[in-house]
file model_30.txt (compact mmCIF, C-alpha atoms and all ligand atoms)
# COMPACT_ATOMS: atom_id res chain seq x y z
CA MET T 196 -117.67 257.44 94.84
CA LEU T 197 -118.07 258.17 91.14
CA LYS T 198 -119.92 255.45 89.30
CA ASN T 199 -118.61 254.12 86.04
CA GLY T 200 -121.68 255.49 84.26
CA GLY T 201 -120.63 258.25 81.88
CA ILE T 202 -116.98 257.29 82.04
CA GLU T 203 -115.55 254.98 79.48
CA VAL T 204 -114.41 251.90 81.38
CA SER T 205 -110.94 251.01 80.19
CA LEU T 206 -109.98 248.54 82.86
CA PRO T 207 -111.84 245.24 82.56
CA ASN T 208 -110.27 243.45 85.54
CA CYS T 209 -108.47 244.21 88.78
CA ARG T 210 -104.71 243.88 88.35
CA ALA T 211 -104.35 242.11 91.71
CA CYS T 212 -107.27 239.67 91.95
CA LYS T 213 -108.76 239.70 88.40
CA SER T 214 -112.23 240.63 89.69
CA SER T 215 -114.40 242.64 87.30
CA SER T 216 -115.98 244.51 90.24
CA ILE T 217 -113.91 247.65 89.92
CA GLU T 218 -115.12 251.21 90.22
CA VAL T 219 -113.76 254.61 89.31
CA CYS T 220 -113.28 256.39 92.65
CA SER T 221 -111.39 259.49 91.57
CA ALA T 222 -110.41 261.20 88.34
CA ARG T 223 -108.01 263.83 86.98
CA TYR T 224 -108.83 265.55 83.74
CA LYS T 225 -106.41 266.43 80.94
CA PHE T 226 -103.20 265.44 82.71
CA PRO T 227 -99.92 265.34 80.77
CA LEU T 228 -98.52 261.95 79.83
CA TYR T 229 -94.95 263.29 79.94
CA ILE T 230 -94.31 265.36 83.07
CA TRP T 231 -90.71 266.56 82.55
CA PRO T 232 -89.66 269.88 81.00
CA LEU T 233 -89.77 269.92 77.21
CA PRO T 234 -87.75 271.91 74.69
CA GLU T 235 -89.45 274.70 72.75
CA MET T 236 -91.97 273.39 70.17
CA LYS T 237 -92.22 269.93 71.81
CA ARG T 238 -95.59 269.05 73.25
CA THR T 239 -97.07 266.17 75.25
CA ILE T 240 -100.56 264.69 75.05
CA LEU T 241 -103.09 265.42 77.81
CA LYS T 242 -105.28 262.49 78.89
CA ASP T 243 -107.75 261.90 81.70
CA ILE T 244 -106.76 259.68 84.61
CA HIS T 245 -109.23 257.36 86.27
CA VAL T 246 -108.36 255.81 89.61
CA TYR T 247 -110.10 252.50 90.19
CA ILE T 248 -110.55 250.58 93.41
CA CYS T 249 -111.38 246.88 93.31
CA SER T 250 -114.49 246.05 95.36
CA ASP T 251 -113.25 242.51 95.97
CA CYS T 252 -109.69 243.19 97.16
CA GLY T 253 -109.24 246.98 97.56
CA TYR T 254 -106.36 247.36 95.05
CA MET T 255 -105.89 250.96 93.80
CA GLN T 256 -104.96 251.30 90.15
CA LEU T 257 -105.29 253.46 87.05
CA GLN T 258 -106.92 252.62 83.74
CA ASN T 259 -105.11 250.39 81.28
CA MET T 260 -102.20 251.92 79.41
CA ASP T 261 -101.86 251.18 75.72
CA ASP T 262 -98.42 250.92 74.12
CA GLU T 263 -98.66 254.40 72.61
CA THR T 264 -99.36 255.92 76.04
CA ILE T 265 -96.50 254.01 77.65
CA SER T 266 -93.95 255.07 75.04
CA GLU T 267 -95.07 258.73 75.42
CA ILE T 268 -94.72 258.58 79.22
CA TYR T 269 -91.18 257.22 79.04
CA ARG T 270 -89.85 259.13 76.04
CA ASP T 271 -86.99 260.51 78.14
CA GLU T 272 -86.32 259.60 81.75
CA ALA T 273 -83.02 261.44 82.01
CA PHE T 274 -84.48 263.91 84.52
CA ASN T 275 -85.35 261.15 86.95
CA VAL T 276 -82.11 259.23 87.47
CA GLU T 277 -81.16 258.38 91.03
CA ASN T 278 -77.88 259.58 92.40
CA ARG T 279 -75.20 257.31 93.85
CA GLN T 280 -75.86 258.57 97.38
CA GLU T 281 -79.45 257.28 97.30
CA LYS T 282 -78.23 253.84 96.27
CA TYR T 283 -75.60 253.79 99.05
CA GLU T 284 -78.25 254.68 101.61
CA ARG T 285 -80.38 251.81 100.35
CA LEU T 286 -77.45 249.37 100.58
CA THR T 287 -76.64 250.58 104.10
CA LEU T 288 -80.22 249.96 105.21
CA LEU T 289 -80.38 246.55 103.54
CA THR T 290 -77.14 245.35 105.13
CA ALA T 291 -77.58 246.99 108.56
CA ASP T 292 -77.96 243.62 110.33
CA ASP T 293 -75.73 241.57 108.07
CA LYS T 294 -72.79 243.11 106.25
CA GLN T 295 -72.25 239.83 104.35
CA LYS T 296 -75.85 239.68 103.17
CA PHE T 297 -75.06 239.84 99.44
CA GLU T 298 -71.72 237.94 99.46
CA LYS T 299 -71.73 235.03 96.98
CA THR T 300 -75.35 235.61 96.00
CA LYS T 301 -76.97 235.64 92.59
CA ALA T 302 -79.01 238.80 92.03
CA LEU T 303 -81.30 240.19 89.34
CA GLU T 304 -82.33 243.83 89.22
CA VAL T 305 -85.48 244.56 87.26
CA GLY T 306 -85.06 248.11 85.92
CA GLY T 307 -81.73 249.75 86.63
CA GLY T 308 -80.56 249.69 83.02
CA ARG T 309 -79.49 253.30 83.28
CA ASN T 310 -78.06 253.30 86.77
CA THR T 311 -77.86 249.93 88.50
CA PHE T 312 -77.86 249.27 92.23
CA LEU T 313 -75.95 246.03 91.57
CA GLY T 314 -72.70 247.95 91.04
CA LEU T 315 -72.56 248.39 94.83
CA LEU T 316 -72.80 244.66 95.58
CA PRO T 317 -69.63 242.70 96.42
CA ASP T 318 -67.46 241.22 93.66
CA SER T 319 -68.37 237.73 94.88
CA SER T 320 -72.01 238.24 93.83
CA GLU T 321 -73.36 237.38 90.40
CA LYS T 322 -75.25 240.32 88.87
CA TRP T 323 -77.94 240.43 86.20
CA VAL T 324 -80.09 243.32 84.96
CA ALA T 325 -83.41 243.18 83.08
CA ASP T 326 -84.61 246.43 81.50
CA PHE T 327 -85.92 247.96 78.27
CA ASN T 328 -82.52 249.54 77.65
CA VAL T 329 -79.22 248.89 79.39
CA ASP T 330 -76.48 251.44 78.91
CA LYS T 331 -72.82 250.60 78.38
CA ILE T 332 -71.72 251.66 81.89
CA VAL T 333 -74.24 249.27 83.45
CA GLN T 334 -73.30 246.46 81.04
CA ALA T 335 -69.71 246.75 82.24
CA GLU T 336 -70.80 246.50 85.89
CA VAL T 337 -72.84 243.31 85.64
CA ASP T 338 -72.43 239.70 84.51
CA GLY T 339 -75.25 239.83 81.99
CA VAL T 340 -78.36 241.66 80.83
CA PHE T 341 -81.83 240.83 79.54
CA ILE T 342 -83.20 243.49 77.24
CA GLY T 343 -86.93 244.11 76.97
CA ASP T 344 -90.12 244.16 79.02
CA PHE T 345 -89.46 241.99 82.08
CA VAL T 346 -92.84 240.29 81.77
CA GLU T 347 -92.18 239.24 78.17
CA ALA T 348 -88.39 238.92 78.03
CA GLU T 349 -86.87 235.47 77.95
CA ILE T 350 -84.83 235.24 81.14
CA THR T 351 -82.43 232.36 80.56
CA GLU T 352 -81.01 232.44 84.11
CA SER T 353 -82.85 231.27 87.25
CA ASP T 354 -82.18 230.20 90.83
CA PHE T 355 -81.71 233.81 91.98
CA ASP T 356 -81.12 234.58 95.67
CA TYR T 357 -82.36 238.15 95.27
CA ILE T 358 -84.58 240.00 92.84
CA PHE T 359 -84.64 243.79 93.23
CA MET T 360 -87.45 246.00 92.01
CA PHE T 361 -86.72 249.61 92.93
CA HIS T 362 -89.47 251.94 91.72
CA VAL T 363 -90.61 249.40 89.15
CA LEU T 364 -93.68 247.59 90.52
CA GLU T 365 -95.91 250.70 90.41
CA HIS T 366 -95.14 251.11 86.69
CA PHE T 367 -96.15 247.64 85.46
CA ASN T 368 -99.32 247.40 83.44
CA ASP T 369 -99.55 243.85 84.79
CA PRO T 370 -97.81 243.68 88.19
CA SER T 371 -99.28 240.24 88.86
CA MET T 372 -97.55 238.76 85.80
CA ALA T 373 -94.29 240.41 86.87
CA LEU T 374 -94.54 238.89 90.36
CA LYS T 375 -95.44 235.46 88.99
CA LYS T 376 -92.36 235.62 86.80
CA ALA T 377 -90.15 236.77 89.68
CA LYS T 378 -91.46 233.89 91.78
CA ARG T 379 -90.38 231.39 89.10
CA LEU T 380 -86.89 232.89 88.88
CA LEU T 381 -86.12 232.77 92.62
CA ASN T 382 -84.70 229.75 94.37
CA SER T 383 -86.65 228.29 97.29
CA GLU T 384 -84.93 230.58 99.83
CA GLY T 385 -84.94 233.55 97.44
CA LYS T 386 -86.02 237.05 98.44
CA ILE T 387 -87.57 239.89 96.52
CA ILE T 388 -86.73 243.42 97.65
CA ILE T 389 -89.19 246.05 96.53
CA GLU T 390 -89.20 249.83 96.81
CA VAL T 391 -92.29 251.80 95.81
CA PRO T 392 -93.57 255.32 96.52
CA ASN T 393 -95.60 255.34 99.74
CA PHE T 394 -99.09 256.53 98.79
CA GLY T 395 -99.95 256.37 102.51
CA LEU T 396 -97.62 259.27 103.26
CA GLU T 397 -97.75 261.08 99.92
CA SER T 398 -101.53 261.37 100.09
CA GLU T 399 -100.96 263.65 103.09
CA LEU T 400 -97.71 265.47 102.26
CA ARG T 401 -97.66 265.61 98.45
CA PRO T 402 -101.20 265.00 97.22
CA HIS T 403 -100.40 266.70 93.87
CA TYR T 404 -97.55 264.25 93.21
CA THR T 405 -99.31 260.95 93.80
CA ILE T 406 -101.76 260.43 90.98
CA PHE T 407 -100.26 260.53 87.50
CA HIS T 408 -100.08 258.35 84.42
CA MET T 409 -96.74 256.76 85.34
CA HIS T 410 -97.95 255.24 88.60
CA ILE T 411 -100.34 252.56 87.41
CA SER T 412 -100.64 251.04 90.91
CA LEU T 413 -100.83 253.04 94.15
CA PHE T 414 -99.27 251.36 97.17
CA THR T 415 -99.68 251.85 100.87
CA GLN T 416 -97.98 249.40 103.20
CA THR T 417 -101.30 247.56 103.52
CA SER T 418 -101.94 247.30 99.79
CA LEU T 419 -98.35 246.25 98.98
CA MET T 420 -98.51 243.50 101.60
CA SER T 421 -101.86 242.40 100.21
CA LEU T 422 -100.62 242.12 96.62
CA MET T 423 -97.50 240.23 97.69
CA MET T 424 -99.44 237.87 99.94
CA ARG T 425 -101.83 237.12 97.05
CA HIS T 426 -98.77 236.01 95.05
CA GLY T 427 -97.42 233.79 97.79
CA PHE T 428 -94.85 236.16 99.32
CA ARG T 429 -94.58 237.00 102.99
CA CYS T 430 -92.91 240.04 104.50
CA VAL T 431 -89.46 239.48 106.05
CA ASP T 432 -88.77 243.10 106.99
CA VAL T 433 -90.06 246.62 106.38
CA ILE T 434 -86.70 248.29 105.89
CA LYS T 435 -87.87 251.82 105.24
CA LYS T 436 -91.22 253.50 105.61
CA ASP T 437 -91.33 257.21 104.83
CA GLU T 438 -92.00 258.71 101.43
CA VAL T 439 -91.05 255.28 100.08
CA LEU T 440 -91.70 251.74 101.24
CA LEU T 441 -88.65 249.46 101.07
CA VAL T 442 -89.68 245.91 101.95
CA GLU T 443 -88.06 242.49 101.79
CA PHE T 444 -90.25 239.49 100.99
CA ARG T 445 -89.70 235.76 100.75
CA LEU T 446 -91.84 232.94 99.46
CA GLY T 447 -94.25 231.34 101.86
CA ALA T 448 -97.56 233.17 102.37
CA SER T 449 -100.23 230.61 103.10
CA ALA T 450 -103.42 232.66 103.30
CA LEU T 451 -105.24 235.07 101.02
CA PRO T 452 -105.15 238.71 102.19
CA PRO T 453 -108.28 240.44 103.53
CA ASN T 454 -110.09 243.05 101.41
CA HIS T 455 -108.67 246.52 102.19
CA ILE T 456 -111.20 248.60 100.27
CA MET T 457 -112.04 250.90 103.21
CA HIS T 458 -108.35 251.66 103.72
CA SER T 459 -107.95 252.50 100.02
CA LEU T 460 -111.04 254.71 99.94
CA GLU T 461 -109.78 256.56 103.00
CA HIS T 462 -106.40 257.36 101.43
CA LEU T 463 -107.92 258.42 98.15
CA SER T 464 -110.27 260.74 100.00
CA ILE T 465 -107.29 262.23 101.89
CA VAL T 466 -105.71 263.14 98.53
CA ASP T 467 -108.89 264.65 97.16
CA SER T 468 -109.76 266.62 100.30
CA ASN T 469 -106.18 267.96 100.54
CA ILE T 470 -106.37 269.13 96.92
CA ARG T 471 -109.74 270.82 97.55
CA LYS T 472 -108.42 272.55 100.69
CA CYS T 473 -105.30 273.81 98.91
CA LEU T 474 -107.33 274.97 95.88
CA SER T 475 -109.54 277.12 98.04
CA LYS T 476 -106.60 278.70 99.92
CA LEU T 477 -104.59 279.23 96.72
CA LYS T 478 -107.46 280.98 94.97
CA THR T 479 -107.78 283.41 97.87
CA LEU T 480 -104.01 284.06 97.97
CA ILE T 481 -103.52 284.40 94.21
CA ASN T 482 -106.57 286.61 93.66
CA LYS T 483 -105.18 289.12 96.15
CA ILE T 484 -101.99 289.56 94.12
CA GLU T 485 -101.99 292.84 92.19
CA ASN T 486 -98.35 293.50 91.34
CA GLY T 487 -95.44 291.48 90.02
CA ALA T 488 -95.12 288.17 88.24
CA ILE T 489 -95.80 284.83 89.90
CA ALA T 490 -93.31 281.96 89.53
CA ILE T 491 -93.08 278.40 90.80
CA PHE T 492 -89.81 276.97 92.14
CA GLY T 493 -88.68 273.83 90.32
CA GLY T 494 -88.85 272.93 86.64
CA GLY T 495 -89.50 269.21 87.05
CA GLY T 496 -92.27 266.68 87.39
CA ALA T 497 -93.48 267.87 90.81
CA SER T 498 -94.15 271.39 89.47
CA THR T 499 -95.83 270.05 86.34
CA LEU T 500 -98.21 267.88 88.34
CA PHE T 501 -98.85 270.60 90.89
CA LEU T 502 -99.92 273.01 88.13
CA TYR T 503 -102.25 270.48 86.48
CA ASN T 504 -103.88 269.76 89.85
CA TYR T 505 -104.62 273.49 90.15
CA PRO T 506 -105.13 274.37 86.48
CA PHE T 507 -106.22 278.00 87.12
CA LEU T 508 -102.55 278.58 88.03
CA ILE T 509 -101.34 277.77 84.52
CA ASP T 510 -102.73 281.16 83.42
CA ARG T 511 -101.37 282.99 86.47
CA VAL T 512 -97.86 281.54 86.85
CA SER T 513 -95.45 283.15 84.37
CA PHE T 514 -92.20 281.30 85.06
CA ALA T 515 -90.65 278.24 86.71
CA VAL T 516 -87.40 279.06 88.51
CA ASP T 517 -84.71 276.37 88.48
CA SER T 518 -80.93 276.41 88.75
CA ASP T 519 -80.50 273.19 86.73
CA ASN T 520 -78.88 274.11 83.41
CA GLY T 521 -80.48 271.07 81.80
CA LYS T 522 -83.92 272.56 82.45
CA ILE T 523 -83.35 276.29 81.86
CA GLY T 524 -84.67 277.25 78.41
CA ARG T 525 -87.18 274.40 78.40
CA SER T 526 -90.75 274.84 79.55
CA LEU T 527 -93.59 273.29 81.54
CA CYS T 528 -97.27 272.91 80.62
CA ASN T 529 -96.80 272.56 76.85
CA GLY T 530 -94.77 275.70 76.32
CA ARG T 531 -96.83 277.96 78.58
CA ILE T 532 -94.37 278.30 81.49
CA PRO T 533 -90.72 278.91 80.58
CA ILE T 534 -87.99 277.74 82.98
CA VAL T 535 -85.60 280.51 84.03
CA SER T 536 -82.52 280.80 86.20
CA PRO T 537 -82.91 282.26 89.75
CA ASP T 538 -80.60 285.16 88.84
CA ARG T 539 -83.33 286.53 86.57
CA ILE T 540 -85.91 286.90 89.36
CA THR T 541 -85.44 290.68 89.67
CA ASN T 542 -85.22 291.43 85.94
CA LEU T 543 -88.37 289.47 85.21
CA ASN T 544 -90.23 291.35 88.00
CA ILE T 545 -90.97 288.09 89.83
CA LYS T 546 -92.48 289.11 93.18
CA HIS T 547 -94.18 285.89 94.25
CA ILE T 548 -92.76 282.36 94.22
CA ILE T 549 -94.74 279.19 94.89
CA VAL T 550 -92.56 276.67 96.77
CA LEU T 551 -93.78 273.09 97.11
CA GLU T 552 -91.63 272.31 100.18
CA ASP T 553 -90.22 274.48 103.01
CA SER T 554 -86.63 273.64 102.10
CA HIS T 555 -87.03 275.20 98.65
CA ILE T 556 -87.10 278.70 100.14
CA GLY T 557 -83.41 278.28 100.97
CA TYR T 558 -82.65 277.08 97.43
CA VAL T 559 -84.19 280.22 95.91
CA GLY T 560 -82.20 282.34 98.36
CA ASN T 561 -84.06 285.58 97.63
CA ASP T 562 -85.53 287.44 100.60
CA GLU T 563 -87.29 290.12 98.57
CA VAL T 564 -90.00 287.91 97.11
CA ASN T 565 -93.22 286.71 98.71
CA TYR T 566 -93.20 282.92 99.15
CA ILE T 567 -96.37 280.89 98.84
CA ASN T 568 -95.52 277.77 100.82
CA ILE T 569 -97.61 274.83 99.66
CA GLY T 570 -96.25 272.37 102.24
CA ALA T 571 -97.54 274.66 104.99
CA ILE T 572 -100.99 274.80 103.35
CA TYR T 573 -101.29 271.01 103.21
CA GLU T 574 -100.19 270.73 106.83
CA SER T 575 -102.59 273.45 108.05
ZN ZN C 1 -108.96 243.09 93.17
call {"tool": "encode", "arguments": {"input": "model_30.txt", "output": "structure tokens"}}
result
Amino acid sequence: MLKNGGIEVSLPNCRACKSSSIEVCSARYKFPLYIWPLPEMKRTILKDIHVYICSDCGYMQLQNMDDETISEIYRDEAFNVENRQEKYERLTLLTADDKQKFEKTKALEVGGGRNTFLGLLPDSSEKWVADFNVDKIVQAEVDGVFIGDFVEAEITESDFDYIFMFHVLEHFNDPSMALKKAKRLLNSEGKIIIEVPNFGLESELRPHYTIFHMHISLFTQTSLMSLMMRHGFRCVDVIKKDEVLLVEFRLGASALPPNHIMHSLEHLSIVDSNIRKCLSKLKTLINKIENGAIAIFGGGGASTLFLYNYPFLIDRVSFAVDSDNGKIGRSLCNGRIPIVSPDRITNLNIKHIIVLEDSHIGYVGNDEVNYINIGAIYES
């Protein structure tokens, strides 16, 4: 465990239990605030990341984010919008045991201003969205909107049956305040349905895509349950548990959760040991390469974070290959890695392609290049 000595402490209290006994347990240096591809001449700031674990409760969290950092992180989320299919799958899972579950209910979605889940709920339900920005399409789908930071916004409605937070809780600078507010807005039988990335699984399968500025809190099933219990919620059902955790909670926890610090330390050490293992194997593989350019498949956030976890690659990887026209012509790593279309692989003399997942080999569809399969390295 790194001690705080030598590192500027920028988190005075644990976000879950308010204890000041928090320690830096892992760090990432010079990581980009904005992880999506940028147009030529646009740059993002690089800042260190410190991962803290609370000694009193075990909560895993990053340093405090100031307003400037937050606005840089979210300057354009257009590359990260969910598709309709993902929302349907979520609705199917949520209503598997009760097709009428959302009939005649009053629901609030926190986030969702760009692409709301509420549009899939029955006409008999009353729908409200709270988000920083709510686009016109969403406004037409719901009964009303609250614009602004959920924690600070004046929410003039209450007595909700459901509050949804899909990929929102991990982004709050103050998740405890958000949960306290949600608790006040629910009626006595009200439920809160939360989806967050599953750090428990990602630490093993995608260790390069787990620690970044956007995810202020890191949740495993244990740590999510602990935070919710601390705020008086008890688990009704774990609806999905794979790369995400989708969990339904209701009011009524009576006890304080146990400290899960050993669990948190274990998962953080899985991330760090996976990164070290992959670094060693990648150095051996890349140093053997004598001919042809090296590319990475994918011009999005996963590639960006992968490259910053293995920074020696930023000098060795010449291109990112992506078939998304919105990304081609932009670049990763502050202009250093241009994004090109797969049909240029031969012309650009690309002989080696790093793929982050097995399935990407099929997307590239070129059997003349040498694939460096990162998923296989993590699993080895
Ligand atoms: Zn704590």
call {"tool": "atom_distance", "arguments": {"input": "model_30.txt", "atom1": "atom CA of T:Gly557", "atom2": "atom CA of T:Pro537"}}
result
11.9 Å
call {"tool": "closest_residue", "arguments": {"input": "model_30.txt", "among": "T:Met236, T:Tyr357, T:Thr290, T:Lys296", "to": "T:Arg525", "atoms": "all atoms listed in the file"}}
result
T:Met236
call {"tool": "residues_near_point", "arguments": {"input": "model_30.txt", "point": "(-80.0, 246.5, 108.0)", "cutoff": "12 Å", "atoms": "only C-alpha atoms", "output": "CSV table (one decimal) with C-alpha atoms, in the coordinates of the input"}}
result
chain,number,residue,atom,x,y,z
T,284,GLU,CA,-78.2,254.7,101.6
T,285,ARG,CA,-80.4,251.8,100.4
T,286,LEU,CA,-77.4,249.4,100.6
T,287,THR,CA,-76.6,250.6,104.1
T,288,LEU,CA,-80.2,250.0,105.2
T,289,LEU,CA,-80.4,246.6,103.5
T,290,THR,CA,-77.1,245.4,105.1
T,291,ALA,CA,-77.6,247.0,108.6
T,292,ASP,CA,-78.0,243.6,110.3
T,293,ASP,CA,-75.7,241.6,108.1
T,294,LYS,CA,-72.8,243.1,106.2
T,295,GLN,CA,-72.2,239.8,104.4
T,296,LYS,CA,-75.8,239.7,103.2
T,297,PHE,CA,-75.1,239.8,99.4
T,431,VAL,CA,-89.5,239.5,106.0
T,432,ASP,CA,-88.8,243.1,107.0
T,433,VAL,CA,-90.1,246.6,106.4
T,434,ILE,CA,-86.7,248.3,105.9
T,435,LYS,CA,-87.9,251.8,105.2
T,441,LEU,CA,-88.6,249.5,101.1
T,442,VAL,CA,-89.7,245.9,102.0
T,443,GLU,CA,-88.1,242.5,101.8
call {"tool": "residues_near_ligand", "arguments": {"input": "model_30.txt", "ligand": "ligand ZN 1 (chain C)", "cutoff": "10 Å", "atoms": "all atoms listed in the file", "output": "ChimeraX atom specification"}}
result
/T:208-217,247-256,422,454-456
call {"tool": "closest_residue", "arguments": {"input": "model_30.txt", "among": "T:Ile230, T:Ser513, T:Lys476, T:Glu267", "to": "T:Ile572", "atoms": "all atoms listed in the file"}}
result
T:Lys476
call {"tool": "build_atoms", "arguments": {"input": "model_30.txt", "residues": "stretch 228-240 of chain T", "atoms": "N, CA and C atoms", "output": "PDB file, in the coordinates of the input"}}
result
ATOM      1  N   LEU T 228     -99.133 263.280  79.775  1.00  0.00           N
ATOM      2  CA  LEU T 228     -98.520 261.950  79.830  1.00  0.00           C
ATOM      3  C   LEU T 228     -97.049 262.075  80.227  1.00  0.00           C
ATOM      4  N   TYR T 229     -96.380 263.078  79.656  1.00  0.00           N
ATOM      5  CA  TYR T 229     -94.950 263.290  79.940  1.00  0.00           C
ATOM      6  C   TYR T 229     -94.848 264.493  80.867  1.00  0.00           C
ATOM      7  N   ILE T 230     -94.235 264.304  82.047  1.00  0.00           N
ATOM      8  CA  ILE T 230     -94.310 265.360  83.070  1.00  0.00           C
ATOM      9  C   ILE T 230     -93.032 266.197  83.177  1.00  0.00           C
ATOM     10  N   TRP T 231     -91.985 265.859  82.409  1.00  0.00           N
ATOM     11  CA  TRP T 231     -90.710 266.560  82.550  1.00  0.00           C
ATOM     12  C   TRP T 231     -90.638 267.749  81.609  1.00  0.00           C
ATOM     13  N   PRO T 232     -89.713 268.681  81.851  1.00  0.00           N
ATOM     14  CA  PRO T 232     -89.660 269.880  81.000  1.00  0.00           C
ATOM     15  C   PRO T 232     -89.339 269.502  79.556  1.00  0.00           C
ATOM     16  N   LEU T 233     -89.957 270.219  78.640  1.00  0.00           N
ATOM     17  CA  LEU T 233     -89.770 269.920  77.210  1.00  0.00           C
ATOM     18  C   LEU T 233     -89.116 271.107  76.515  1.00  0.00           C
ATOM     19  N   PRO T 234     -88.330 270.819  75.468  1.00  0.00           N
ATOM     20  CA  PRO T 234     -87.750 271.910  74.690  1.00  0.00           C
ATOM     21  C   PRO T 234     -88.856 272.676  73.944  1.00  0.00           C
ATOM     22  N   GLU T 235     -88.511 273.877  73.493  1.00  0.00           N
ATOM     23  CA  GLU T 235     -89.450 274.700  72.750  1.00  0.00           C
ATOM     24  C   GLU T 235     -90.005 273.880  71.572  1.00  0.00           C
ATOM     25  N   MET T 236     -91.271 274.045  71.281  1.00  0.00           N
ATOM     26  CA  MET T 236     -91.970 273.390  70.170  1.00  0.00           C
ATOM     27  C   MET T 236     -92.356 271.933  70.462  1.00  0.00           C
ATOM     28  N   LYS T 237     -91.807 271.320  71.503  1.00  0.00           N
ATOM     29  CA  LYS T 237     -92.220 269.930  71.810  1.00  0.00           C
ATOM     30  C   LYS T 237     -93.443 269.978  72.721  1.00  0.00           C
ATOM     31  N   ARG T 238     -94.355 269.076  72.475  1.00  0.00           N
ATOM     32  CA  ARG T 238     -95.590 269.050  73.250  1.00  0.00           C
ATOM     33  C   ARG T 238     -95.871 267.616  73.720  1.00  0.00           C
ATOM     34  N   THR T 239     -96.630 267.498  74.832  1.00  0.00           N
ATOM     35  CA  THR T 239     -97.070 266.170  75.250  1.00  0.00           C
ATOM     36  C   THR T 239     -98.590 266.112  75.208  1.00  0.00           C
ATOM     37  N   ILE T 240     -99.111 264.892  75.126  1.00  0.00           N
ATOM     38  CA  ILE T 240    -100.560 264.690  75.050  1.00  0.00           C
ATOM     39  C   ILE T 240    -101.168 264.806  76.450  1.00  0.00           C
TER      40      ILE T 240
END
